[in-house]
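K.L.:
I am attaching a structure below and will ask some questions about it afterwards.
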2 protein chains.
Amino acid sequence: MTVESLDDVRELAQQLRVDSVRCSTAAGSGHPTSSMSAADLMAVLMTRYLRYDWQRPDDPSNDHLIFSKGHASPLLYSMFKAAGVVSDEELISGYRRFGSRLEGHPTPLLPWVDVATGSLGQGLPDGVGVALAGRYLDELPYHVWVLCGDSEMAEGSMWEAFDKASYYRLANLTAIVDVNRLGQRGPTELGWDVDTYAKRIEGFGCRAIPIDGHDLGEIDKALASVADADRPTVILARTRKGRGFSEVEDREGWHGRPLPAEMAERAIVELGGERNLIVHGPEPEGGTPRVWPSGEVTLPRYELGAKIATRKAFGEALAAVGARGDVVALDGEVDNSTFAEDFAKAHPERYFQMYIAECQLVAAAVGMSVRGYIPFAATFAAFFTRAYDFIRMSAISEANIRLCGSHAGTEIGPDGPSQMALEDLAMMRAVHGSTVVYPSDATSAAYLVREMADRRGVAYMRTTRGAYPVLYGPDEAFPIGGAKLVRSSPSDQVTLIGAGVTLHNCLGAADELAHDGIGASVLDLYSVKPVDTESLLAAAAATAGRIVVAEDHYPAGGIGEAVLQAFNDAGHPVQIAHLAVRGLPGSGTPAELMEAAGISASHIAQAAREILGG
Amino acid sequence: MTVESLDDVRELAQQLRVDSVRCSTAAGSGHPTSSMSAADLMAVLMTRYLRYDWQRPDDPSNDHLIFSKGHASPLLYSMFKAAGVVSDEELISGYRRFGSRLEGHPTPLLPWVDVATGSLGQGLPDGVGVALAGRYLDELPYHVWVLCGDSEMAEGSMWEAFDKASYYRLANLTAIVDVNRLGQRGPTELGWDVDTYAKRIEGFGCRAIPIDGHDLGEIDKALASVADADRPTVILARTRKGRGFSEVEDREGWHGRPLPAEMAERAIVELGGERNLIVHGPEPEGGTPRVWPSGEVTLPRYELGAKIATRKAFGEALAAVGARGDVVALDGEVDNSTFAEDFAKAHPERYFQMYIAECQLVAAAVGMSVRGYIPFAATFAAFFTRAYDFIRMSAISEANIRLCGSHAGTEIGPDGPSQMALEDLAMMRAVHGSTVVYPSDATSAAYLVREMADRRGVAYMRTTRGAYPVLYGPDEAFPIGGAKLVRSSPSDQVTLIGAGVTLHNCLGAADELAHDGIGASVLDLYSVKPVDTESLLAAAAATAGRIVVAEDHYPAGGIGEAVLQAFNDAGHPVQIAHLAVRGLPGSGTPAELMEAAGISASHIAQAAREILGG
């Protein structure tokens, strides 16, 4: 049907409620009441404002709809039914079932879903990323609509999003907050106090429009006003959870609970019965994204032996890779440390400053990935821990994002432990489908930046603060999943394995051992995940299983365990001497701190001697 | 000296600036200019308002001073010199040096420092925790003063803090924001726009007082007003970075850079030369904290075979452990899922609802730990990833906090991957000095809750959604660092190792194998960190090194790698069959999802058969 009147919209809203009840009751789980509160909002939106070609979800001019309150998936999937792209059969028999794409919380297994949600406070920051792409990259008039819950307004990440939305004047972004006043366990912090929400939102530079979220006329007016907005809009819709079924409406104790079958029957009756309306909303405006000119990528070339920090090489390589018009970069107000500033200078129009807001930093990258861009986001490696939930979720979103964390480990020296990433490899290795690289020199760092650009999933590069000698000639290749035998001879008795700064310590140790007449191979394990099992096996075979692994990281989840796991998975368990940071470091020089942590050249050499019974 | 006039205060401020310059120039690193901007603020505070007995930092009635902008450590340490507790010699020769307690960013190695800072956006949330303790637990009139930077106002966690500060009417908390308009790489997002800051802060329910941060009279008046406040105060001080030295004042390019020696000399001259004032500010009011009555802890007892979720046992045990008056609990608006609600019902006065704001949830626990309380904070395990930076920093803060993460792994079923913690063990194992436990039944869960109460550092318990049979009698002990051989006989050919839900799958596998005439031992590795190496070695010895490890977690950094590391560290590398979640799960029943992930009983049995060549 083409929806002419608000009475038709009301019918659609009731259908969405009925279907939300039906699918969750059939599944035996889910959030019907959190869907029912927002049904009127979504019914008006999809019939009159969401410019979307449901048959062509890849149309670049489509609007975007993100359910930041991902638990309202029954409502979203009911909308897909009303759009004619999901059958009633699939909705009822698929919802939350094993093997179905209609998961408990939305994921991009569904072509109409941009990002996975379900961890609250993420959909809006992700939407900011999509809106940034729309306004500054695609330069298309699509609008980003985000349905938010009221409980998630307590998440700091939401305020990072409102802040950045206004900073970047994202008039193409509208958040619709379903203020149903009831959270999972009872009333929310602010209840129906939409005035306080409005005050906060206006303070953050967005338009706040408080409305009755069940008054279709008010909803319509609020949504219509977006067209003339010169900044982001936040519609604060006062609603009632479970709206439309008197037995649960605005009652506590019904969060995340499907209605039992007999209640569902009564609900459907009260809601006017089942319907099967198919809705045709407005079409997208059409148009194609701006094409950013692309040139040849010419990586910087470094002279062997020159002392260059990998973070500097990252910046230079990023600027070089930026010759590709689809590459964008984002900073968390530290670009003179990470050297993302090199990209900023070369490609200012594709560079986004997110200030010190790491959650929004990662979310913006995810949003740009939705639109096909190749985002690189950089900050101190330690500070990506702030965004771990976003990184974890980006894997579920099937986002392709590249993160670069600088200033890793004790090597940073005097700044002390707050600035030292010593958990980042564990954190990043654990992410589903992630790639983790940790180059030791400028040549390999530059090469790996280019590799990351074409890598799918979450790719992470760890860089080092200090300047260390270039080890590799400019034509050497560093495929992800590889390793480099930097030094070896047939008479070597032990293999020293490092990555990043500890590779240099391994080389120092090999020199020290050579002095004692002990031959030591050195393996550069620059690809921490996936790890190069073949090279590890070859090294173990060449040096009779004598292996030292040194890492500037706590012992759990880092390079040592990656090596142990690789040997184990290959069916060749090997004993390694595992040097890692086991105490809490303080301030000092890099040399002092690596010595104290037991990961210096002398410690590595000593570990090798001990293996050899020396 | 006793400071009589604001002229005296001005002298002190100049001393703080001079000393900030001197110590950072001597160290060759540090942030003098970020210290100079806030020197006037701190000079007025320490002479007239900070009620603190510097000789007795443990006096419970002392005010608290937290540098959320931890990089201004030169200023803080210069204040310690002015208080007479750090010598000029220590300040100049110790700052940022190896082995010194005057680290690059403040840590509680210094008795006057409550929490480690240096990751921005954390000091204020931590301060909210201390202020909560002051108002609701200690019931002492101490005030919590937090010096914040303006760059960190972009962090969402700051707004979680303002929100909770006003929600809990923390009139005993004052944030002093040093709005020097220059961040690390250039101007901050809002520059000197204190009106916008004020609008936001008032929207969040706190008093905003914009002042000239170099006008001692204005500072004095603002700080004096705090005494009569009925809600938190935020002083927005417009300042100039590098204030007092014309060559750097309000100039870009001087963040985090010490002045070269000759510039430092000129700066000291311009600032009026070195001084060695010792200041006596106001004394604390005295008084002792409220003593919460303590009773005997009587853990719940569970009947063997009864089906009880470990999350339920967590809640019941937490309520029981709450008989100790120093135990407090905090929730992230999911207490009917984590069962922290059991504590809320039993001890409502020591229960704090933080709503969906996981950073503030953890920070509040850290703040309460500062005051000696025993905080337990609970949410879904997956959502602790949001607070990883806070958890990491709490280890540097030497905070004693207990976290319980429920709904771990694919076992949660239909809600899908956004709600499944599959990285939490890796994340928590990597934290310095952490404890990680993962009980499989109600008895061990309850026991471990009590153990965690007395554990130092960051202790984490992972609980399971579903109800599983009680395996242990009520008098069994589960020391942290132990493991339980649940099932074994001398003829066993293989050991099956699980924890939490996979322990039950291991038991199912052992049944299945027994059916085939294969004896299998089952080891409950409830203590994931520290892990019980002796039990692992004994198990390997008893079953000829044949071991299957199954975990409901991604393969990196979890139980499998903990086992490999333990064997490796013991010098006995062992090949394990490692069953973990290797794909991206969707929705389904727990049984379907564990089967699909390859961690079900049948998969474990099959892995055992394969080891045995079957």
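Each chain in the structure tokens gets a letter, A, B and so on, in the order shown; residues start at 1 in every chain, and ligands are counted from 1 in the order they appear.
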Give me the residues within 10 Å of Ser100 in chain A as a PDB file with N, CA, C and O atoms, in the first residue's frame, counting only C-alpha atoms and dropping any in the same chain fewer than 6 places off.
P.N.:
ATOM      1  N   GLU A  90       9.325 -16.404   7.547  1.00  0.00           N
ATOM      2  CA  GLU A  90      10.700 -16.274   8.052  1.00  0.00           C
ATOM      3  C   GLU A  90      10.707 -15.554   9.400  1.00  0.00           C
ATOM      4  O   GLU A  90      11.420 -15.935  10.328  1.00  0.00           O
ATOM      5  N   LEU A  91       9.885 -14.520   9.502  1.00  0.00           N
ATOM      6  CA  LEU A  91       9.851 -13.753  10.748  1.00  0.00           C
ATOM      7  C   LEU A  91       9.448 -14.625  11.926  1.00  0.00           C
ATOM      8  O   LEU A  91      10.099 -14.621  12.974  1.00  0.00           O
ATOM      9  N   SER A  93       9.134 -18.051  12.115  1.00  0.00           N
ATOM     10  CA  SER A  93       9.838 -19.319  12.373  1.00  0.00           C
ATOM     11  C   SER A  93      11.343 -19.125  12.448  1.00  0.00           C
ATOM     12  O   SER A  93      12.069 -20.005  12.893  1.00  0.00           O
ATOM     13  N   GLY A  94      11.825 -17.950  12.035  1.00  0.00           N
ATOM     14  CA  GLY A  94      13.276 -17.756  12.029  1.00  0.00           C
ATOM     15  C   GLY A  94      13.815 -16.995  13.217  1.00  0.00           C
ATOM     16  O   GLY A  94      14.958 -17.212  13.618  1.00  0.00           O
ATOM     17  N   LEU A 109      24.298  -9.700   8.729  1.00  0.00           N
ATOM     18  CA  LEU A 109      23.861 -10.843   7.931  1.00  0.00           C
ATOM     19  C   LEU A 109      22.638 -10.431   7.124  1.00  0.00           C
ATOM     20  O   LEU A 109      22.368 -10.982   6.062  1.00  0.00           O
TER      21      LEU A 109
ATOM     22  N   GLY B 586      25.982 -17.213  16.153  1.00  0.00           N
ATOM     23  CA  GLY B 586      24.748 -16.463  15.959  1.00  0.00           C
ATOM     24  C   GLY B 586      23.805 -16.720  17.117  1.00  0.00           C
ATOM     25  O   GLY B 586      24.250 -16.869  18.257  1.00  0.00           O
ATOM     26  N   SER B 587      22.519 -16.763  16.818  1.00  0.00           N
ATOM     27  CA  SER B 587      21.541 -17.115  17.842  1.00  0.00           C
ATOM     28  C   SER B 587      21.254 -18.609  17.765  1.00  0.00           C
ATOM     29  O   SER B 587      21.581 -19.275  16.776  1.00  0.00           O
ATOM     30  N   GLY B 588      20.608 -19.123  18.782  1.00  0.00           N
ATOM     31  CA  GLY B 588      20.242 -20.533  18.820  1.00  0.00           C
ATOM     32  C   GLY B 588      20.045 -20.935  20.259  1.00  0.00           C
ATOM     33  O   GLY B 588      20.089 -20.089  21.157  1.00  0.00           O
TER      34      GLY B 588
END
K.L.:
Could you name the residues that touch Tyr351 in chain B at 10 Å or less, counting only C-alpha atoms, but leaving out those on the same chain fewer than 6 positions away, as a PyMOL selection string?
P.N.:
chain B and resi 136+327-331+340-341+343-345+375-377
K.L.:
Store the residues of this selection in a file with all heavy atoms, as a JSON list (two decimals), in the first residue's frame.
P.N.:
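Result written to selection_21.json:
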[["chain", "number", "residue", "atom", "x", "y", "z"],
["B", 136, "TYR", "N", 27.96, 8.35, 51.38],
["B", 136, "TYR", "CA", 27.02, 7.26, 51.69],
["B", 136, "TYR", "C", 27.60, 6.15, 52.56],
["B", 136, "TYR", "O", 26.86, 5.31, 53.05],
["B", 136, "TYR", "CB", 26.46, 6.67, 50.40],
["B", 136, "TYR", "CG", 25.62, 7.65, 49.62],
["B", 136, "TYR", "CD1", 26.13, 8.36, 48.55],
["B", 136, "TYR", "CD2", 24.29, 7.88, 49.98],
["B", 136, "TYR", "CE1", 25.37, 9.26, 47.83],
["B", 136, "TYR", "CE2", 23.50, 8.78, 49.27],
["B", 136, "TYR", "CZ", 24.05, 9.47, 48.20],
["B", 136, "TYR", "OH", 23.27, 10.38, 47.51],
["B", 327, "VAL", "N", 31.71, -4.60, 52.72],
["B", 327, "VAL", "CA", 31.41, -5.05, 51.36],
["B", 327, "VAL", "C", 30.32, -4.16, 50.75],
["B", 327, "VAL", "O", 29.30, -3.91, 51.39],
["B", 327, "VAL", "CB", 30.99, -6.53, 51.34],
["B", 327, "VAL", "CG1", 30.45, -6.94, 49.98],
["B", 327, "VAL", "CG2", 32.18, -7.42, 51.72],
["B", 328, "VAL", "N", 30.58, -3.69, 49.53],
["B", 328, "VAL", "CA", 29.59, -2.88, 48.81],
["B", 328, "VAL", "C", 29.39, -3.49, 47.43],
["B", 328, "VAL", "O", 30.24, -4.24, 46.95],
["B", 328, "VAL", "CB", 30.04, -1.40, 48.69],
["B", 328, "VAL", "CG1", 30.19, -0.77, 50.08],
["B", 328, "VAL", "CG2", 31.34, -1.28, 47.92],
["B", 329, "ALA", "N", 28.29, -3.16, 46.80],
["B", 329, "ALA", "CA", 28.05, -3.72, 45.47],
["B", 329, "ALA", "C", 27.51, -2.65, 44.53],
["B", 329, "ALA", "O", 26.86, -1.69, 44.97],
["B", 329, "ALA", "CB", 27.07, -4.90, 45.54],
["B", 330, "LEU", "N", 27.82, -2.82, 43.26],
["B", 330, "LEU", "CA", 27.44, -1.85, 42.23],
["B", 330, "LEU", "C", 26.91, -2.58, 41.01],
["B", 330, "LEU", "O", 27.43, -3.64, 40.65],
["B", 330, "LEU", "CB", 28.65, -1.00, 41.82],
["B", 330, "LEU", "CG", 29.39, -0.27, 42.94],
["B", 330, "LEU", "CD1", 30.70, -0.99, 43.25],
["B", 330, "LEU", "CD2", 29.67, 1.16, 42.55],
["B", 331, "ASP", "N", 25.93, -1.97, 40.38],
["B", 331, "ASP", "CA", 25.26, -2.61, 39.25],
["B", 331, "ASP", "C", 25.24, -1.66, 38.06],
["B", 331, "ASP", "O", 25.18, -0.45, 38.21],
["B", 331, "ASP", "CB", 23.81, -2.94, 39.66],
["B", 331, "ASP", "CG", 22.97, -3.42, 38.48],
["B", 331, "ASP", "OD1", 23.50, -4.16, 37.63],
["B", 331, "ASP", "OD2", 21.77, -3.05, 38.41],
["B", 340, "ALA", "N", 23.00, -9.51, 41.15],
["B", 340, "ALA", "CA", 23.45, -8.56, 42.17],
["B", 340, "ALA", "C", 22.25, -8.02, 42.95],
["B", 340, "ALA", "O", 22.40, -7.50, 44.05],
["B", 340, "ALA", "CB", 24.22, -7.42, 41.52],
["B", 341, "GLU", "N", 21.06, -8.18, 42.40],
["B", 341, "GLU", "CA", 19.85, -7.70, 43.11],
["B", 341, "GLU", "C", 19.67, -8.39, 44.46],
["B", 341, "GLU", "O", 19.05, -7.82, 45.35],
["B", 341, "GLU", "CB", 18.60, -7.90, 42.24],
["B", 341, "GLU", "CG", 18.25, -9.34, 41.98],
["B", 341, "GLU", "CD", 16.95, -9.52, 41.17],
["B", 341, "GLU", "OE1", 16.42, -8.53, 40.68],
["B", 341, "GLU", "OE2", 16.50, -10.67, 41.05],
["B", 343, "PHE", "N", 21.97, -8.83, 46.59],
["B", 343, "PHE", "CA", 22.68, -7.95, 47.52],
["B", 343, "PHE", "C", 21.85, -6.70, 47.79],
["B", 343, "PHE", "O", 21.74, -6.23, 48.93],
["B", 343, "PHE", "CB", 24.05, -7.58, 46.95],
["B", 343, "PHE", "CG", 24.92, -6.77, 47.90],
["B", 343, "PHE", "CD1", 25.89, -7.39, 48.67],
["B", 343, "PHE", "CD2", 24.75, -5.40, 48.03],
["B", 343, "PHE", "CE1", 26.69, -6.66, 49.54],
["B", 343, "PHE", "CE2", 25.53, -4.65, 48.91],
["B", 343, "PHE", "CZ", 26.51, -5.29, 49.67],
["B", 344, "ALA", "N", 21.27, -6.17, 46.73],
["B", 344, "ALA", "CA", 20.48, -4.94, 46.87],
["B", 344, "ALA", "C", 19.35, -5.13, 47.87],
["B", 344, "ALA", "O", 19.06, -4.23, 48.67],
["B", 344, "ALA", "CB", 19.93, -4.52, 45.51],
["B", 345, "LYS", "N", 18.73, -6.29, 47.81],
["B", 345, "LYS", "CA", 17.63, -6.54, 48.74],
["B", 345, "LYS", "C", 18.13, -6.66, 50.18],
["B", 345, "LYS", "O", 17.48, -6.18, 51.11],
["B", 345, "LYS", "CB", 16.89, -7.82, 48.33],
["B", 345, "LYS", "CG", 16.01, -7.63, 47.10],
["B", 345, "LYS", "CD", 15.48, -8.98, 46.59],
["B", 345, "LYS", "CE", 15.00, -8.84, 45.14],
["B", 345, "LYS", "NZ", 15.08, -10.11, 44.41],
["B", 375, "PRO", "N", 34.52, -3.48, 47.07],
["B", 375, "PRO", "CA", 33.46, -3.35, 46.08],
["B", 375, "PRO", "C", 33.37, -4.55, 45.14],
["B", 375, "PRO", "O", 34.39, -5.09, 44.69],
["B", 375, "PRO", "CB", 33.86, -2.10, 45.30],
["B", 375, "PRO", "CG", 35.34, -2.01, 45.44],
["B", 375, "PRO", "CD", 35.72, -2.70, 46.72],
["B", 376, "PHE", "N", 32.17, -4.96, 44.87],
["B", 376, "PHE", "CA", 31.87, -5.93, 43.82],
["B", 376, "PHE", "C", 31.02, -5.19, 42.78],
["B", 376, "PHE", "O", 29.98, -4.64, 43.12],
["B", 376, "PHE", "CB", 31.04, -7.09, 44.35],
["B", 376, "PHE", "CG", 31.82, -8.13, 45.12],
["B", 376, "PHE", "CD1", 32.17, -7.93, 46.44],
["B", 376, "PHE", "CD2", 32.20, -9.33, 44.51],
["B", 376, "PHE", "CE1", 32.87, -8.89, 47.16],
["B", 376, "PHE", "CE2", 32.90, -10.30, 45.22],
["B", 376, "PHE", "CZ", 33.24, -10.09, 46.55],
["B", 377, "ALA", "N", 31.48, -5.19, 41.54],
["B", 377, "ALA", "CA", 30.70, -4.57, 40.46],
["B", 377, "ALA", "C", 30.32, -5.67, 39.47],
["B", 377, "ALA", "O", 31.16, -6.49, 39.10],
["B", 377, "ALA", "CB", 31.52, -3.49, 39.76]]
K.L.:
From the list A:Ala306, A:Leu124, A:Leu584, A:Val177, which residue is nearest chain B when using only C-alpha atoms?
P.N.:
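Closest candidate: A:Leu584.
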K.L.:
Restricting the calculation to only C-alpha atoms: of A:Ser369, A:Thr543, A:Thr33, A:Ser73, which residue gets closest to chain B?
P.N.:
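Selected residue with least distance to chain B: A:Ser73.
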K.L.:
Have a look at A:Val437, A:Ala445, A:Ala72, A:Cys404 and name the one nearest to chain B; count only C-alpha atoms.
P.N.:
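Among A:Val437, A:Ala445, A:Ala72, A:Cys404, it is A:Ala72 that comes nearest to chain B.
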K.L.:
Produce a table with one row for each residue of chain B that has an atom at most 6 Å from any atom of chain A, each row naming the nearest atom pair and its distance in Å at one decimal; use only C-alpha atoms; arrange rows by chain and rising residue number; format as a tab-separated table.
P.N.:
residue	atom	partner	partner_atom	distance
B:Arg96	CA	A:Pro414	CA	5.3
B:Arg97	CA	A:Gly588	CA	4.9
B:Phe98	CA	A:Gly588	CA	3.9
B:Glu103	CA	A:Ser587	CA	5.3
B:Gly104	CA	A:Asp415	CA	4.4
B:Gly118	CA	A:Ser418	CA	5.4
B:Ser119	CA	A:Ser418	CA	6.0
B:Ala154	CA	A:Ile356	CA	5.5
B:Glu155	CA	A:Ala357	CA	4.8
B:Gly156	CA	A:Gly156	CA	3.6
B:Ser157	CA	A:Gly156	CA	5.0
B:Trp159	CA	A:Gly156	CA	5.8
B:Glu160	CA	A:Gly156	CA	5.3
B:Lys199	CA	A:Gly203	CA	5.2
B:Arg200	CA	A:Gly203	CA	4.5
B:Gly203	CA	A:Arg200	CA	4.6
B:Ile356	CA	A:Ala154	CA	5.5
B:Ala357	CA	A:Glu155	CA	4.8
B:Thr385	CA	A:Asp389	CA	4.8
B:Arg386	CA	A:Asp389	CA	4.7
B:Tyr388	CA	A:Thr385	CA	5.4
B:Asp389	CA	A:Arg386	CA	4.7
B:Pro414	CA	A:Arg96	CA	5.3
B:Asp415	CA	A:Gly104	CA	4.4
B:Gly416	CA	A:Gly104	CA	5.3
B:Ser418	CA	A:Gly118	CA	5.4
B:Glu423	CA	A:Ala430	CA	5.4
B:Ala426	CA	A:Ala426	CA	6.0
B:Met427	CA	A:Met427	CA	5.5
B:Arg429	CA	A:Ala556	CA	6.0
B:Ala430	CA	A:Ala556	CA	4.9
B:Ala556	CA	A:Ala430	CA	4.9
B:Gly557	CA	A:Gly557	CA	4.1
B:Glu561	CA	A:Glu561	CA	6.0
B:Asn568	CA	A:Gln575	CA	5.7
B:Pro573	CA	A:Gln575	CA	5.4
B:Gln575	CA	A:Pro573	CA	5.4
B:Ser587	CA	A:Glu103	CA	5.3
B:Gly588	CA	A:Phe98	CA	3.9
K.L.:
DSSP on the backbone: which residues in range 59-222 of chain A end up as strand (DSSP E or B)? Give the answer as JSON, numbers by chain.
P.N.:
{"A": [64, 65, 66, 67, 144, 145, 146, 147, 148, 149, 173, 174, 175, 176, 177, 178, 179, 182, 187, 207, 208, 209, 210, 211, 212]}
K.L.:
Go through B:Val18, B:Glu349, B:Pro474, B:Leu513 one by one, measure the shortest atom-to-atom distance of each to Arg266 in chain B using only C-alpha atoms, and give the residue with the smallest value.
P.N.:
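Smallest distance to Arg266 in chain B is found for B:Val18.
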K.L.:
Run DSSP on the backbone and tell me which residues of range 386-458 of chain A come out as helix (DSSP H, G or I); list them as a PDB file with C-alpha atoms, in the first residue's frame.
P.N.:
ATOM      1  CA  ARG A 386      38.843   2.417  26.072  1.00  0.00           C
ATOM      2  CA  ALA A 387      37.117   1.252  22.910  1.00  0.00           C
ATOM      3  CA  TYR A 388      37.383  -2.504  23.332  1.00  0.00           C
ATOM      4  CA  ASP A 389      33.635  -3.008  23.330  1.00  0.00           C
ATOM      5  CA  PHE A 390      33.460  -1.117  20.029  1.00  0.00           C
ATOM      6  CA  ILE A 391      36.307  -3.149  18.561  1.00  0.00           C
ATOM      7  CA  ARG A 392      34.682  -6.403  19.665  1.00  0.00           C
ATOM      8  CA  MET A 393      31.366  -5.336  18.153  1.00  0.00           C
ATOM      9  CA  SER A 394      32.974  -4.174  14.919  1.00  0.00           C
ATOM     10  CA  ALA A 395      33.963  -7.785  14.307  1.00  0.00           C
ATOM     11  CA  ILE A 396      30.303  -8.782  14.611  1.00  0.00           C
ATOM     12  CA  THR A 410      57.698  -0.379  28.578  1.00  0.00           C
ATOM     13  CA  GLU A 411      59.758   0.944  25.695  1.00  0.00           C
ATOM     14  CA  ILE A 412      57.958   4.273  25.956  1.00  0.00           C
ATOM     15  CA  PRO A 417      52.576   2.608  32.983  1.00  0.00           C
ATOM     16  CA  SER A 418      49.379   4.544  32.271  1.00  0.00           C
ATOM     17  CA  GLN A 419      50.680   5.201  28.755  1.00  0.00           C
ATOM     18  CA  ASP A 424      46.839  -4.689  23.696  1.00  0.00           C
ATOM     19  CA  LEU A 425      48.082  -7.794  21.902  1.00  0.00           C
ATOM     20  CA  ALA A 426      45.935 -10.016  24.114  1.00  0.00           C
ATOM     21  CA  MET A 427      42.967  -7.753  23.583  1.00  0.00           C
ATOM     22  CA  MET A 428      43.365  -7.600  19.820  1.00  0.00           C
ATOM     23  CA  ARG A 429      44.264 -11.255  19.291  1.00  0.00           C
ATOM     24  CA  ALA A 442      60.228   1.346   9.102  1.00  0.00           C
ATOM     25  CA  THR A 443      60.297  -0.734   5.925  1.00  0.00           C
ATOM     26  CA  SER A 444      58.096  -3.468   7.284  1.00  0.00           C
ATOM     27  CA  ALA A 445      55.803  -0.947   8.979  1.00  0.00           C
ATOM     28  CA  ALA A 446      55.230   0.859   5.703  1.00  0.00           C
ATOM     29  CA  TYR A 447      54.649  -2.360   3.802  1.00  0.00           C
ATOM     30  CA  LEU A 448      52.157  -3.575   6.396  1.00  0.00           C
ATOM     31  CA  VAL A 449      50.180  -0.342   6.298  1.00  0.00           C
ATOM     32  CA  ARG A 450      49.553  -1.011   2.639  1.00  0.00           C
ATOM     33  CA  GLU A 451      48.664  -4.633   3.375  1.00  0.00           C
ATOM     34  CA  MET A 452      46.196  -3.540   6.050  1.00  0.00           C
ATOM     35  CA  ALA A 453      44.362  -1.346   3.589  1.00  0.00           C
TER      36      ALA A 453
END
K.L.:
Could you state the separation of CA of Val436 in chain B and CA of Ile401 in chain B in Å, given to one decimal place?
P.N.:
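Here the two named atoms are 12.2 Å from each other.
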K.L.:
Residues near Glu4 in chain A, anyone? I mean within 10 Å using only C-alpha atoms, not counting same-chain ones fewer than 5 positions away, as a list in words.
P.N.:
Val9, Thr47 and Arg48 of chain A
K.L.:
Take the residues just selected and output them with all heavy atoms as a JSON list (two decimals), in the first residue's frame.
P.N.:
[["chain", "number", "residue", "atom", "x", "y", "z"],
["A", 9, "VAL", "N", -1.02, 4.80, 8.74],
["A", 9, "VAL", "CA", 0.22, 4.64, 9.52],
["A", 9, "VAL", "C", -0.09, 3.94, 10.83],
["A", 9, "VAL", "O", 0.66, 3.07, 11.28],
["A", 9, "VAL", "CB", 0.88, 6.01, 9.77],
["A", 9, "VAL", "CG1", 2.09, 5.85, 10.68],
["A", 9, "VAL", "CG2", 1.30, 6.66, 8.45],
["A", 47, "THR", "N", 7.12, 5.01, 6.54],
["A", 47, "THR", "CA", 6.14, 5.31, 5.49],
["A", 47, "THR", "C", 6.38, 6.68, 4.86],
["A", 47, "THR", "O", 6.07, 6.89, 3.69],
["A", 47, "THR", "CB", 4.70, 5.29, 6.05],
["A", 47, "THR", "OG1", 4.66, 6.10, 7.23],
["A", 47, "THR", "CG2", 4.28, 3.88, 6.35],
["A", 48, "ARG", "N", 6.92, 7.62, 5.59],
["A", 48, "ARG", "CA", 6.95, 8.99, 5.10],
["A", 48, "ARG", "C", 8.33, 9.61, 4.95],
["A", 48, "ARG", "O", 8.48, 10.61, 4.24],
["A", 48, "ARG", "CB", 6.11, 9.87, 6.02],
["A", 48, "ARG", "CG", 4.66, 9.44, 6.05],
["A", 48, "ARG", "CD", 3.81, 10.49, 6.70],
["A", 48, "ARG", "NE", 2.39, 10.22, 6.43],
["A", 48, "ARG", "CZ", 1.44, 11.10, 6.63],
["A", 48, "ARG", "NH1", 1.72, 12.30, 7.11],
["A", 48, "ARG", "NH2", 0.19, 10.79, 6.35]]
K.L.:
Considering only C-alpha atoms, return as a list in words whatever protein or nucleic-acid residues lie within 10 Å of range 44-46 of chain B, sequence-local ones (same chain, fewer than 5 positions apart) excluded.
P.N.:
Val3, Leu6, Asp8, Val9, Arg10, Leu12, Ala13, Ala39, Arg51, Tyr52, Leu65, Met79, Ala82, Ala83, Trp145, Leu216, Gly217, Ile219, Asp220, Leu223, Ala224, Val279, His280, Gly281 and Pro282 of chain B
K.L.:
Could you pull the residues within 10 Å of Gly286 in chain A, counting only C-alpha atoms, minus those fewer than 2 positions along the same chain, as a list in words?
P.N.:
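Final neighbour list, sorted by chain and number: Arg51, Asp53, Asp59, Pro60, Ser61, Asn62, Leu140, Pro141, Tyr142, Glu283, Pro284, Thr288 and Pro289 of chain A.
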